[in-house]
file coords19.cif (mmCIF, C-alpha atoms, pLDDT in the B column; chains and numbers go by the auth columns)
data_protein
loop_
_atom_site.group_PDB
_atom_site.id
_atom_site.type_symbol
_atom_site.label_atom_id
_atom_site.label_comp_id
_atom_site.label_asym_id
_atom_site.label_seq_id
_atom_site.Cartn_x
_atom_site.Cartn_y
_atom_site.Cartn_z
_atom_site.B_iso_or_equiv
_atom_site.auth_seq_id
_atom_site.auth_asym_id
ATOM 1 C CA ASN A 1 21.427 -7.917 64.468 55.00 462 A
ATOM 2 C CA SER A 2 24.713 -7.149 66.174 52.00 463 A
ATOM 3 C CA ASN A 3 26.310 -10.538 65.435 56.00 464 A
ATOM 4 C CA ASP A 4 25.615 -10.160 61.700 59.00 465 A
ATOM 5 C CA ASP A 5 27.210 -6.700 61.724 62.00 466 A
ATOM 6 C CA ASP A 6 30.292 -8.041 63.527 64.00 467 A
ATOM 7 C CA GLU A 7 30.564 -10.949 61.080 67.00 468 A
ATOM 8 C CA SER A 8 30.203 -8.591 58.112 68.00 469 A
ATOM 9 C CA SER A 9 32.832 -6.224 59.491 82.00 470 A
ATOM 10 C CA SER A 10 35.246 -9.083 60.123 91.00 471 A
ATOM 11 C CA SER A 11 34.802 -10.531 56.619 94.00 472 A
ATOM 12 C CA VAL A 12 35.473 -7.126 55.029 96.00 473 A
ATOM 13 C CA ALA A 13 38.471 -6.602 57.317 96.00 474 A
ATOM 14 C CA ALA A 14 39.768 -10.082 56.402 96.00 475 A
ATOM 15 C CA LEU A 15 39.357 -9.351 52.687 97.00 476 A
ATOM 16 C CA ARG A 16 41.156 -6.007 52.967 97.00 477 A
ATOM 17 C CA SER A 17 43.906 -7.513 55.114 96.00 478 A
ATOM 18 C CA SER A 18 44.519 -10.412 52.730 97.00 479 A
ATOM 19 C CA LEU A 19 44.959 -8.092 49.712 97.00 480 A
ATOM 20 C CA ARG A 20 46.425 -4.923 51.268 96.00 481 A
ATOM 21 C CA SER A 21 50.111 -5.906 51.062 96.00 482 A
ATOM 22 C CA GLU A 22 49.839 -6.681 47.345 96.00 483 A
ATOM 23 C CA TYR A 23 47.220 -4.020 46.536 97.00 484 A
ATOM 24 C CA PRO A 24 47.413 -1.127 49.026 96.00 485 A
ATOM 25 C CA GLU A 25 45.079 0.846 46.760 94.00 486 A
ATOM 26 C CA ILE A 26 42.191 -1.364 47.924 95.00 487 A
ATOM 27 C CA ASP A 27 41.529 1.090 50.766 94.00 488 A
ATOM 28 C CA ASP A 28 41.175 4.017 48.375 91.00 489 A
ATOM 29 C CA LEU A 29 39.122 2.218 45.739 92.00 490 A
ATOM 30 C CA TYR A 30 36.513 0.179 47.602 92.00 491 A
ATOM 31 C CA SER A 31 34.129 1.119 50.387 90.00 492 A
ATOM 32 C CA ASP A 32 33.288 -1.389 53.097 93.00 493 A
ATOM 33 C CA SER A 33 29.700 -1.592 51.885 91.00 494 A
ATOM 34 C CA TYR A 34 30.843 -2.374 48.334 92.00 495 A
ATOM 35 C CA LEU A 35 33.206 -5.111 49.510 96.00 496 A
ATOM 36 C CA GLN A 36 30.450 -6.538 51.685 95.00 497 A
ATOM 37 C CA SER A 37 28.086 -6.595 48.705 95.00 498 A
ATOM 38 C CA VAL A 38 30.680 -8.582 46.732 96.00 499 A
ATOM 39 C CA ILE A 39 31.123 -11.042 49.591 96.00 500 A
ATOM 40 C CA ASP A 40 27.354 -11.406 50.204 95.00 501 A
ATOM 41 C CA VAL A 41 26.357 -12.649 46.743 96.00 502 A
ATOM 42 C CA PRO A 42 24.355 -15.845 47.367 96.00 503 A
ATOM 43 C CA GLY A 43 26.353 -18.974 46.600 96.00 504 A
ATOM 44 C CA ARG A 44 29.675 -17.106 46.398 97.00 505 A
ATOM 45 C CA SER A 45 32.523 -18.198 48.649 96.00 506 A
ATOM 46 C CA PHE A 46 34.776 -15.726 50.399 96.00 507 A
ATOM 47 C CA ASP A 47 37.755 -17.050 48.417 97.00 508 A
ATOM 48 C CA TYR A 48 35.937 -16.522 45.117 98.00 509 A
ATOM 49 C CA ALA A 49 34.893 -12.983 46.117 97.00 510 A
ATOM 50 C CA ARG A 50 38.452 -12.160 47.137 97.00 511 A
ATOM 51 C CA ASP A 51 40.392 -13.869 44.349 97.00 512 A
ATOM 52 C CA GLU A 52 38.150 -13.699 41.295 97.00 513 A
ATOM 53 C CA LYS A 53 36.236 -10.491 41.899 97.00 514 A
ATOM 54 C CA ILE A 54 38.301 -8.054 43.952 97.00 515 A
ATOM 55 C CA ARG A 55 41.832 -9.298 43.193 98.00 516 A
ATOM 56 C CA GLY A 56 40.803 -9.761 39.565 97.00 517 A
ATOM 57 C CA ALA A 57 39.548 -6.176 39.366 96.00 518 A
ATOM 58 C CA LEU A 58 42.692 -4.825 41.019 97.00 519 A
ATOM 59 C CA GLU A 59 44.906 -6.852 38.656 97.00 520 A
ATOM 60 C CA TRP A 60 42.923 -5.552 35.678 95.00 521 A
ATOM 61 C CA ARG A 61 43.290 -1.937 36.843 95.00 522 A
ATOM 62 C CA ARG A 62 47.067 -2.341 37.067 94.00 523 A
ATOM 63 C CA GLY A 63 47.422 -4.293 33.854 92.00 524 A
ATOM 64 C CA TYR A 64 45.270 -1.844 31.919 92.00 525 A
ATOM 65 C CA GLY A 65 47.134 1.138 33.389 92.00 526 A
ATOM 66 C CA VAL A 66 44.094 2.868 34.847 94.00 527 A
ATOM 67 C CA ASP A 67 46.120 4.994 37.278 92.00 528 A
ATOM 68 C CA GLY A 68 48.416 6.195 34.501 92.00 529 A
ATOM 69 C CA LEU A 69 45.422 6.910 32.277 94.00 530 A
ATOM 70 C CA ILE A 70 43.525 8.966 34.847 92.00 531 A
ATOM 71 C CA SER A 71 46.634 10.836 36.017 91.00 532 A
ATOM 72 C CA SER A 72 47.277 11.940 32.426 92.00 533 A
ATOM 73 C CA PHE A 73 43.991 13.828 32.074 93.00 534 A
ATOM 74 C CA VAL A 74 41.913 16.352 33.933 90.00 535 A
ATOM 75 C CA CYS A 75 38.215 16.886 33.366 89.00 536 A
ATOM 76 C CA ASP A 76 37.642 20.418 32.160 84.00 537 A
ATOM 77 C CA GLU A 77 35.369 22.539 34.315 71.00 538 A
ATOM 78 C CA GLY A 78 31.905 23.210 32.958 69.00 539 A
ATOM 79 C CA ASP A 79 29.203 21.032 31.477 65.00 540 A
ATOM 80 C CA ASP A 80 30.891 20.044 28.218 77.00 541 A
ATOM 81 C CA GLY A 81 32.478 16.823 29.548 80.00 542 A
ATOM 82 C CA THR A 82 35.838 17.292 27.886 90.00 543 A
ATOM 83 C CA PHE A 83 39.199 16.168 29.266 92.00 544 A
ATOM 84 C CA SER A 84 42.576 17.816 28.747 91.00 545 A
ATOM 85 C CA VAL A 85 46.000 16.280 28.937 92.00 546 A
ATOM 86 C CA VAL A 86 47.804 17.202 32.153 89.00 547 A
ATOM 87 C CA GLU A 87 50.819 19.262 31.125 76.00 548 A
ATOM 88 C CA ASN A 88 54.206 17.691 31.842 62.00 549 A
ATOM 89 C CA SER A 89 52.706 14.481 33.250 54.00 550 A
ATOM 90 C CA THR A 90 53.655 12.612 30.111 48.00 551 A
ATOM 91 C CA GLY A 91 55.668 15.092 28.100 46.00 552 A
ATOM 92 C CA ILE A 92 52.678 15.795 25.851 44.00 553 A
ATOM 93 C CA ASP A 93 51.945 19.192 24.417 44.00 554 A
ATOM 94 C CA SER A 94 48.156 19.278 24.661 42.00 555 A
ATOM 95 C CA SER A 95 47.925 21.747 21.803 46.00 556 A
ATOM 96 C CA SER A 96 49.295 19.014 19.578 42.00 557 A
ATOM 97 C CA THR A 97 47.990 15.553 18.845 40.00 558 A
ATOM 98 C CA THR A 98 51.438 14.024 18.715 40.00 559 A
ATOM 99 C CA SER A 99 53.421 12.633 21.620 39.00 560 A
ATOM 100 C CA THR A 100 57.023 11.881 22.343 39.00 561 A
ATOM 101 C CA GLY A 101 58.142 8.270 22.396 39.00 562 A
ATOM 102 C CA ALA A 102 57.447 6.018 25.376 38.00 563 A
ATOM 103 C CA GLU A 103 61.165 5.418 25.883 40.00 564 A
ATOM 104 C CA GLU A 104 61.634 9.158 26.510 40.00 565 A
ATOM 105 C CA GLN A 105 58.820 9.053 29.061 37.00 566 A
ATOM 106 C CA SER A 106 60.037 6.221 31.304 38.00 567 A
ATOM 107 C CA ASP A 107 61.659 8.524 33.863 43.00 568 A
ATOM 108 C CA LEU A 108 58.848 11.089 33.807 44.00 569 A
ATOM 109 C CA CYS A 109 55.926 8.998 34.936 48.00 570 A
ATOM 110 C CA ASP A 110 55.129 5.858 36.863 47.00 571 A
ATOM 111 C CA PRO A 111 53.242 4.029 35.602 55.00 572 A
ATOM 112 C CA CYS A 112 54.089 5.532 32.259 75.00 573 A
ATOM 113 C CA PHE A 113 51.102 6.229 30.066 84.00 574 A
ATOM 114 C CA VAL A 114 51.374 8.176 26.844 90.00 575 A
ATOM 115 C CA PRO A 115 47.974 9.130 25.439 93.00 576 A
ATOM 116 C CA SER A 116 47.552 8.409 21.763 93.00 577 A
ATOM 117 C CA PRO A 117 46.424 11.151 19.392 94.00 578 A
ATOM 118 C CA GLU A 118 43.147 9.214 19.021 95.00 579 A
ATOM 119 C CA LEU A 119 42.535 9.257 22.782 94.00 580 A
ATOM 120 C CA ILE A 120 43.306 12.966 22.967 93.00 581 A
ATOM 121 C CA GLN A 121 40.826 13.496 20.107 92.00 582 A
ATOM 122 C CA ALA A 122 38.170 11.443 21.939 93.00 583 A
ATOM 123 C CA CYS A 123 38.685 13.397 25.174 93.00 584 A
ATOM 124 C CA LYS A 124 38.070 16.685 23.385 92.00 585 A
ATOM 125 C CA THR A 125 34.652 15.592 22.094 91.00 586 A
ATOM 126 C CA GLY A 126 32.670 15.675 25.318 90.00 587 A
ATOM 127 C CA ALA A 127 30.681 12.721 23.985 92.00 588 A
ATOM 128 C CA PHE A 128 30.283 11.396 27.526 91.00 589 A
ATOM 129 C CA ARG A 129 29.859 13.558 30.555 87.00 590 A
ATOM 130 C CA VAL A 130 28.976 13.239 34.195 86.00 591 A
ATOM 131 C CA GLY A 131 25.771 15.141 34.822 83.00 592 A
ATOM 132 C CA GLY A 132 25.838 15.245 38.614 82.00 593 A
ATOM 133 C CA PHE A 133 23.682 13.242 40.979 85.00 594 A
ATOM 134 C CA GLU A 134 20.022 12.259 40.993 86.00 595 A
ATOM 135 C CA ASN A 135 17.997 12.948 44.142 85.00 596 A
ATOM 136 C CA ASP A 136 18.588 9.400 45.399 82.00 597 A
ATOM 137 C CA GLY A 137 22.380 9.742 45.067 79.00 598 A
ATOM 138 C CA ARG A 138 22.915 7.870 41.803 82.00 599 A
ATOM 139 C CA ILE A 139 25.315 9.505 39.401 86.00 600 A
ATOM 140 C CA MET A 140 24.095 10.523 35.950 89.00 601 A
ATOM 141 C CA LEU A 141 26.201 9.800 32.873 89.00 602 A
ATOM 142 C CA TYR A 142 25.162 11.344 29.571 89.00 603 A
ATOM 143 C CA ALA A 143 26.175 9.952 26.196 91.00 604 A
ATOM 144 C CA ARG A 144 26.138 12.274 23.187 90.00 605 A
ATOM 145 C CA THR A 145 27.450 9.774 20.680 87.00 606 A
ATOM 146 C CA ALA A 146 26.857 11.998 17.662 90.00 607 A
ATOM 147 C CA LEU A 147 29.829 14.058 18.913 89.00 608 A
ATOM 148 C CA PHE A 148 32.153 11.073 18.641 85.00 609 A
ATOM 149 C CA ASN A 149 33.668 9.757 15.405 87.00 610 A
ATOM 150 C CA TRP A 150 33.975 6.126 16.408 84.00 611 A
ATOM 151 C CA TRP A 151 35.739 5.117 13.192 88.00 612 A
ATOM 152 C CA SER A 152 38.559 7.622 13.481 90.00 613 A
ATOM 153 C CA VAL A 153 39.064 7.123 17.219 91.00 614 A
ATOM 154 C CA GLY A 154 39.252 3.326 17.127 92.00 615 A
ATOM 155 C CA VAL A 155 38.503 0.624 19.677 93.00 616 A
ATOM 156 C CA GLU A 156 41.504 1.051 21.985 94.00 617 A
ATOM 157 C CA ALA A 157 41.124 4.818 22.415 95.00 618 A
ATOM 158 C CA GLY A 158 37.339 4.433 22.626 93.00 619 A
ATOM 159 C CA ILE A 159 37.642 1.991 25.532 94.00 620 A
ATOM 160 C CA GLN A 160 40.255 4.166 27.237 95.00 621 A
ATOM 161 C CA TYR A 161 37.888 7.135 26.945 94.00 622 A
ATOM 162 C CA HIS A 162 35.062 5.092 28.490 93.00 623 A
ATOM 163 C CA VAL A 163 37.333 4.043 31.374 95.00 624 A
ATOM 164 C CA LEU A 164 38.441 7.647 31.909 94.00 625 A
ATOM 165 C CA VAL A 165 34.852 8.930 32.094 93.00 626 A
ATOM 166 C CA ILE A 166 33.728 6.125 34.413 92.00 627 A
ATOM 167 C CA GLU A 167 36.745 6.672 36.684 92.00 628 A
ATOM 168 C CA HIS A 168 35.897 10.383 36.793 91.00 629 A
ATOM 169 C CA ALA A 169 32.329 9.474 37.791 89.00 630 A
ATOM 170 C CA LEU A 170 33.615 7.129 40.515 87.00 631 A
ATOM 171 C CA GLN A 171 35.889 9.876 41.864 86.00 632 A
ATOM 172 C CA MET A 172 32.911 12.218 41.994 85.00 633 A
ATOM 173 C CA MET A 173 30.912 9.581 43.867 83.00 634 A
ATOM 174 C CA MET A 174 33.741 9.096 46.375 80.00 635 A
ATOM 175 C CA LYS A 175 34.067 12.846 46.883 79.00 636 A
ATOM 176 C CA GLY A 176 30.291 13.065 47.325 71.00 637 A
ATOM 177 C CA ASN A 177 30.419 10.218 49.817 56.00 638 A
ATOM 178 C CA THR A 178 33.254 11.859 51.778 48.00 639 A
ATOM 179 C CA SER A 179 31.534 15.236 51.959 47.00 640 A
ATOM 180 C CA GLU A 180 28.177 13.694 52.844 42.00 641 A
ATOM 181 C CA ALA A 181 29.742 11.457 55.498 37.00 642 A
ATOM 182 C CA ASN A 182 30.573 14.594 57.435 36.00 643 A
ATOM 183 C CA GLU A 183 26.930 15.657 57.144 39.00 644 A
ATOM 184 C CA GLY A 184 25.444 12.312 58.191 35.00 645 A
ATOM 185 C CA SER A 185 24.918 10.684 54.777 35.00 646 A
ATOM 186 C CA ASN A 186 22.289 8.006 54.422 36.00 647 A
ATOM 187 C CA GLY A 187 24.955 5.831 52.743 35.00 648 A
ATOM 188 C CA VAL A 188 23.371 5.798 49.276 35.00 649 A
ATOM 189 C CA ILE A 189 26.536 6.889 47.520 33.00 650 A
ATOM 190 C CA ASP A 190 28.757 4.695 49.713 37.00 651 A
ATOM 191 C CA SER A 191 26.755 1.663 48.713 35.00 652 A
ATOM 192 C CA MET A 192 27.374 2.407 45.032 37.00 653 A
ATOM 193 C CA VAL A 193 31.157 2.895 45.203 32.00 654 A
#
call {"tool": "encode", "arguments": {"input": "coords19.cif", "output": "structure tokens"}}
result
Amino acid sequence: NSNDDDESSSSVAALRSSLRSEYPEIDDLYSDSYLQSVIDVPGRSFDYARDEKIRGALEWRRGYGVDGLISSFVCDEGDDGTFSVVENSTGIDSSSTTSTGAEEQSDLCDPCFVPSPELIQACKTGAFRVGGFENDGRIMLYARTALFNWWSVGVEAGIQYHVLVIEHALQMMMKGNTSEANEGSNGVIDSMV
């Protein structure tokens, strides 16, 4: 009913408003329907949804350096699922698996992220790739783990690679949601962002 919709809209607006000054990226990262789904979990208070779930996720993104990670790579076109280092974003020569020191990078990037040789190796494997969308709007992720030498890549680079692929999938979902919104989307993708 109309009152429920107004209450939902006001709770999402209140959540956004309470975090926007500290985390302006909230508007780019989370759809209203996603925030509402976080708020609407049975037994969960608004404060818990805001502080533990959304603020916690935003703090993790910053602390982990997700923006620096994703700005350092571009997904190669085609179906192979590989990522290349963005030239000059971190002073890395993508033909090499060595990087310059972080201290040399501090004035070149913000936040500064210097991909390790192991991460660059992982990104060249194409072990994980986004396979487009299913008919109902869900995104498909394919794992071809035989292409990935987990022992040589290591845990840190392996997790960074996972985050990079998932962030790429989320960006595709948001782009799909934006383009479908102009065509009268049924909201399937929006509800998943």
call {"tool": "residues_near_point", "arguments": {"input": "coords19.cif", "point": "(32.2, 14.9, 21.2)", "cutoff": "6 Å", "atoms": "all atoms listed in the file", "output": "ChimeraX atom specification"}}
result
/A:586-588,608-609
call {"tool": "write_last_selection", "arguments": {"input": "coords19.cif", "atoms": "C-alpha atoms", "output": "mmCIF file, in the frame of the given file"}}
result
data_model
loop_
_atom_site.group_PDB
_atom_site.id
_atom_site.type_symbol
_atom_site.label_atom_id
_atom_site.label_comp_id
_atom_site.auth_asym_id
_atom_site.auth_seq_id
_atom_site.Cartn_x
_atom_site.Cartn_y
_atom_site.Cartn_z
ATOM 1 C CA THR A 586 34.652 15.592 22.094
ATOM 2 C CA GLY A 587 32.670 15.675 25.318
ATOM 3 C CA ALA A 588 30.681 12.721 23.985
ATOM 4 C CA LEU A 608 29.829 14.058 18.913
ATOM 5 C CA PHE A 609 32.153 11.073 18.641
#
call {"tool": "resolve_selection", "arguments": {"input": "coords19.cif", "expression": "the PyMOL selection byres ((chain A and resi 629) around 12)", "output": "PyMOL selection string"}}
result
chain A and resi 527-528+530-532+534-537+542-544+589-593+600-602+622-628+630-636
call {"tool": "atom_distance", "arguments": {"input": "coords19.cif", "atom1": "CA of Tyr603 in chain A", "atom2": "CA of Glu520 in chain A"}}
result
28.3 Å
call {"tool": "resolve_selection", "arguments": {"input": "coords19.cif", "expression": "the PyMOL selection byres ((chain A and resi 500-515) around 12)", "output": "number ranges by chain"}}
result
A: 465, 468-481, 484, 486-488, 490-499, 516-522
call {"tool": "atom_distance", "arguments": {"input": "coords19.cif", "atom1": "CA of Ala604 in chain A", "atom2": "CA of Gln621 in chain A"}}
result
15.3 Å
call {"tool": "closest_atom_pairs", "arguments": {"input": "coords19.cif", "of": "range 593-624 of chain A", "to": "range 575-580 of chain A", "cutoff": "8 Å", "atoms": "only C-alpha atoms", "output": "tab-separated table"}}
result
residue	atom	partner	partner_atom	distance
A:Ser613	CA	A:Glu579	CA	7.4
A:Val614	CA	A:Glu579	CA	4.9
A:Gly615	CA	A:Glu579	CA	7.3
A:Ala618	CA	A:Leu580	CA	4.7
A:Gly619	CA	A:Leu580	CA	7.1
A:Gln621	CA	A:Leu580	CA	7.1
A:Tyr622	CA	A:Leu580	CA	6.6
call {"tool": "axis_aligned_box", "arguments": {"input": "coords19.cif", "around": "range 600-617 of chain A", "padding_each_side": "5 Å", "output": "AutoDock Vina command-line options"}}
result
--center_x 32.8 --center_y 7.3 --center_z 26.3 --size_x 27.4 --size_y 23.4 --size_z 36.2
call {"tool": "atom_distance", "arguments": {"input": "coords19.cif", "atom1": "CA of Ile620 in chain A", "atom2": "CA of Gly524 in chain A"}}
result
14.3 Å
call {"tool": "closest_residue", "arguments": {"input": "coords19.cif", "among": "A:Gly637, A:Asp541, A:Trp611, A:Gly598", "to": "Gln582 in chain A", "atoms": "all atoms listed in the file"}}
result
A:Trp611
